[in-house]
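Before any comments, here is the structure.
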Amino acid sequence: MKTIFSFTAILLFLQFYSQAQVTSSWAEGKSGQYTYKYVKSDPTQTRFYTLKNGLTVIMSVNKETPRLQTIIATKAGSKTDPKSNTGLAHYLEHMLFKGTDQFGSLDWDKEKKYLMMIDDLYEDYNSTSDENKRKIVYHEIDSVSGIAAKYAIANEYDKMMSMIGAKGTNAFTSFEQTAYINDIPANQIDNWLKVEAERFRNPILRIFHTELEAVYEEKNRSLDSDDDKVFELLFEKLFQKHNYGQQTTIGTIEHLKNPSLKEIRNYFKKNYVPNNMCIILVGDIQPDELISKIDNAFAYMQPKPVPAYTFEKESEITTPIEASVYGPDAEYVNIAFRFPGANSKEANLLNLMSSILSNGTAGLMDLNLVKKQKVLSASAGAYTLQDYSVLFIDGKAKEGQKLEDVKKLMLEQIELLKNGNFDDNMLKAVINNYKKSLMQQRESNAGRAFSVLESFTSGVPWEKNIQFIDELNKITKKDIQEFSKQWLKNNYVCIYKKIGKDENAQKIEKPIITPVEVNREAESDFVKQIASSTVKEIQPVFVNYEKDIAHNTVMNNNNSVELLSVKNKINSLFSQYYYLEIGKLHNKLIPIAIKYLEFLGTDKYSNEEISKKFYTLACDYGVSSSNEESYIYLNGLQENYDEANDLFNHLLKNCKPNEDALKEMIADIKKRKSRSKTK
């Protein structure tokens with residue numbers, strides 16, 4: 001087979017999904033003694049249970065793999081941190097990996113008294129202002145912590161997750177949520193439930209001062225990060241009353257230097273209550289059997305009233321607010337506009353408007369700035385939160401270009417938006433691409449799980465997620481114009497990221513911490529129970545390459561080409577790959593030549609017209625190249641396959657060289673390499 005002419009096209013024909021065109025409505029189902037709700041037109045048939053203690057349980061069945069995505073979350077994040085103790089939600093997230101009185105300890109009765117001493121010492125430390133006295137108290141904390149650590153067993157939670165075959169074990173804290181994540185084998189659900197129920201029953205804040213060191217390092221990385229400094233300053237200027245801008249997730253330096261274990265514990269008791277939490281399970285599950293197990297495992301949780309977060313409305317921004325951040329990383333400019341929250345009527349308009357500005361392919365900024373290489377990069381995106389939303393617009397300058405010029409070019413695209421100077425088909429194109437994106441999201445356990453997580457913590461009813469495409473279809477071009485005129489004025493915050501020394505650079509000084517000895521090889525009785533448990537083995541299902549993949553041969557320019565195809569039974573998307581056994585080791589210019597395709601037009605269409613056509617079809621193409629192989633791919637909505645494939649083949653057969661595009665592309669490659677060398 002001749003390497004340079006050979007390729008394998010893999011076609012995935014997907015036939016399951018069709019977007020409901022009727023109004024979604026809730027229905028009720030019953031499994032044994034448990035009642036659940038679901039949205040009738042939901043293709044994922046996600047179930048929403050509310051247990052007697054108020055705990056929300058959300059389940060969706062996906063039998064594609066014998067695994068499931070798990071998320072346990074609380075509606076508590078940095079915006080609900082006390083103003084006197086910012087960073088508590090994030091601290092607590094770290095500490096919920098340390099165990100309970102049942103695991104994580106060699107001898108809880110002996111360990112407990114030292115931990116109580118550490119609690120009191122931290123309170124003394126926080127109430128002491130004299131630096132010399134504080135050092136003395138911290139020395140005592142360090143000393144007692146060393147004794148307490150002799151009774152601790154490190155990383156028992158992680159050990160148990162490893163035992164049951166979990167992947168992606170992690171957690172995160174954001175503005176209005178803290179979530180704990182795992183991807184587990186389907187046959188380990190009972191062990192997972194046992195561990196998680198125990199984890200939240202009585203968390204013990206052990207080995208705290210060494211974890212504090214890890215948080216200090218995380219804070220210092222944030223203080224060193226140009227991107228983090230830009231984001232924090234932008235939000236501080238955009239939200240001068242709301243905690244989105246007044247409190248950071250990690251917390252202030254002053255509060256990090258004065259942690260209170262008692263306040264962290266109080267935060268847990270206040271926010272980690274069943275009526276404020278949810279358990280999300282997506283994958284190879286049996287909801288009817290599983291719901292009673294979850295109920296039994298978490299029945300110990302008792303509901304408590306959780307005060308709603310209240311805030312003073314932000315003042316209107318009447319003139320642009322500008323500021324600069326200095327640091328070693330590449331320069332860029334970031335502009336942000338403030339909007340109402342995720343559950344507002346404006347949210348859908350905001351999402352649609354941001355995609356008309358920039359969608360990576362055929363938005364105003366993509367076509368007018370990126371494709372024409374007037375800037376190094378430019379993009380826009382909507383960030384919807386519970387109380388407010390934000391439209392971000394950012395751009396990077398080309399060599400010798402001023403950031404002010406990049407800003408001017410980006411704001412000009414907003415004026416085009418207001419005047420309706422965008423393709424009449426763009427609305428339909430954007431909506432088709434949202435449709436494709438939703439299908440892709442629903443293919444995976446994680447995609448479904450994180451989607452319902454956002455719905456739960458942002459307060460947006462799941463029904464709205466299902467109705468999303470229908471609601472977008474009601475929006476007109478005139479609506480977008482009027483909306484942009486109303487909300488996009490001189491009411492923005494602009495942050496310039498410039499290269500230079502940060503004269504206000506800060507660091508949090510870590511106290512002297514004596515390394516502690518923990519019993520890493522020991523195991524608590526609880527862990528031994530998990531280790532000794534037996535589960536039913538998962539029976540593997542093997543791909544039969546002869547039966548499951550259709551093999552055909554087609555002729556291409558008198559060359560025999562192997563064609564492999566697989567029928568996708570999940571949804572209505574297709575993917576098509578052209579595989580070439582040639583890469584950088586064959587010719588170092590191959591990656592550049594492959595990339596060049598993305599900037600070319602044909603004898604019939606300009607590059608801009610091709611981008612628009614693909615985007616309108618909710619299809620896209622791209623390229624990649626490694627040392628020994630290269631790929632050209634096409635994917636999108638199955639309903640548009642024929643038209644997209646014809647356009648794709650037209651491009652491959654008739655692409656025309658463009659010297660100006662080549663020069664600009666090479667200049668950008670050089671600039672990117674130059675930047676990477678300076679990091």
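Residues are named by chain letter and number: chains run A, B, ... in the order of the structure tokens, numbers start at 1 in each chain, and ligands are numbered from 1 in the order shown.
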Report as number ranges by chain: the residues of stretch 424-644 of chain A with a DSSP assignment of strand (DSSP E), based on the backbone of this structure. A: 492-499, 550-556, 559-568, 573-580, 601-602, 619-625, 630-637
Distance query stretch 262-276 of chain A at most 8 Å, only C-alpha atoms, self and fewer than 3 positions along chain excluded, as a count of residues only: 18
Out of A:Thr173, A:Gln102, A:Asn433, A:Asn62, which residue has the shortest atom-to-atom distance to A:Glu156 when counting only C-alpha atoms?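 Smallest distance to A:Glu156 is found for A:Gln102.
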Show me, as a ChimeraX atom specification, the residues that have an atom within 9 Å of A:Gln481 when counting only C-alpha atoms, minus same-chain residues fewer than 6 positions from it. /A:353,417-420
Save out the residues we just selected, C-alpha atoms, as a PDB file, in the first residue's frame.
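And here is the file that came out, out08.pdb:
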ATOM      1  CA  MET A 353     -25.356  36.098  21.338  1.00  0.00           C
ATOM      2  CA  LEU A 417     -23.815  42.466  16.097  1.00  0.00           C
ATOM      3  CA  LYS A 418     -25.984  45.418  17.135  1.00  0.00           C
ATOM      4  CA  ASN A 419     -26.466  46.467  13.516  1.00  0.00           C
ATOM      5  CA  GLY A 420     -27.430  42.969  12.430  1.00  0.00           C
TER       6      GLY A 420
END
Please provide the set of residues having any atom within 6 Å of A:Lys396, restricted to only C-alpha atoms, with same-chain residues fewer than 5 positions apart removed, written as a PyMOL selection string. chain A and resi 332+376-377
Output for the residues just chosen: C-alpha atoms as an mmCIF file, in the first residue's frame:
data_model
loop_
_atom_site.group_PDB
_atom_site.id
_atom_site.type_symbol
_atom_site.label_atom_id
_atom_site.label_comp_id
_atom_site.auth_asym_id
_atom_site.auth_seq_id
_atom_site.Cartn_x
_atom_site.Cartn_y
_atom_site.Cartn_z
ATOM 1 C CA TYR A 332 -3.789 39.750 26.078
ATOM 2 C CA LEU A 376 -3.301 36.273 17.077
ATOM 3 C CA SER A 377 -6.472 34.960 18.700
#
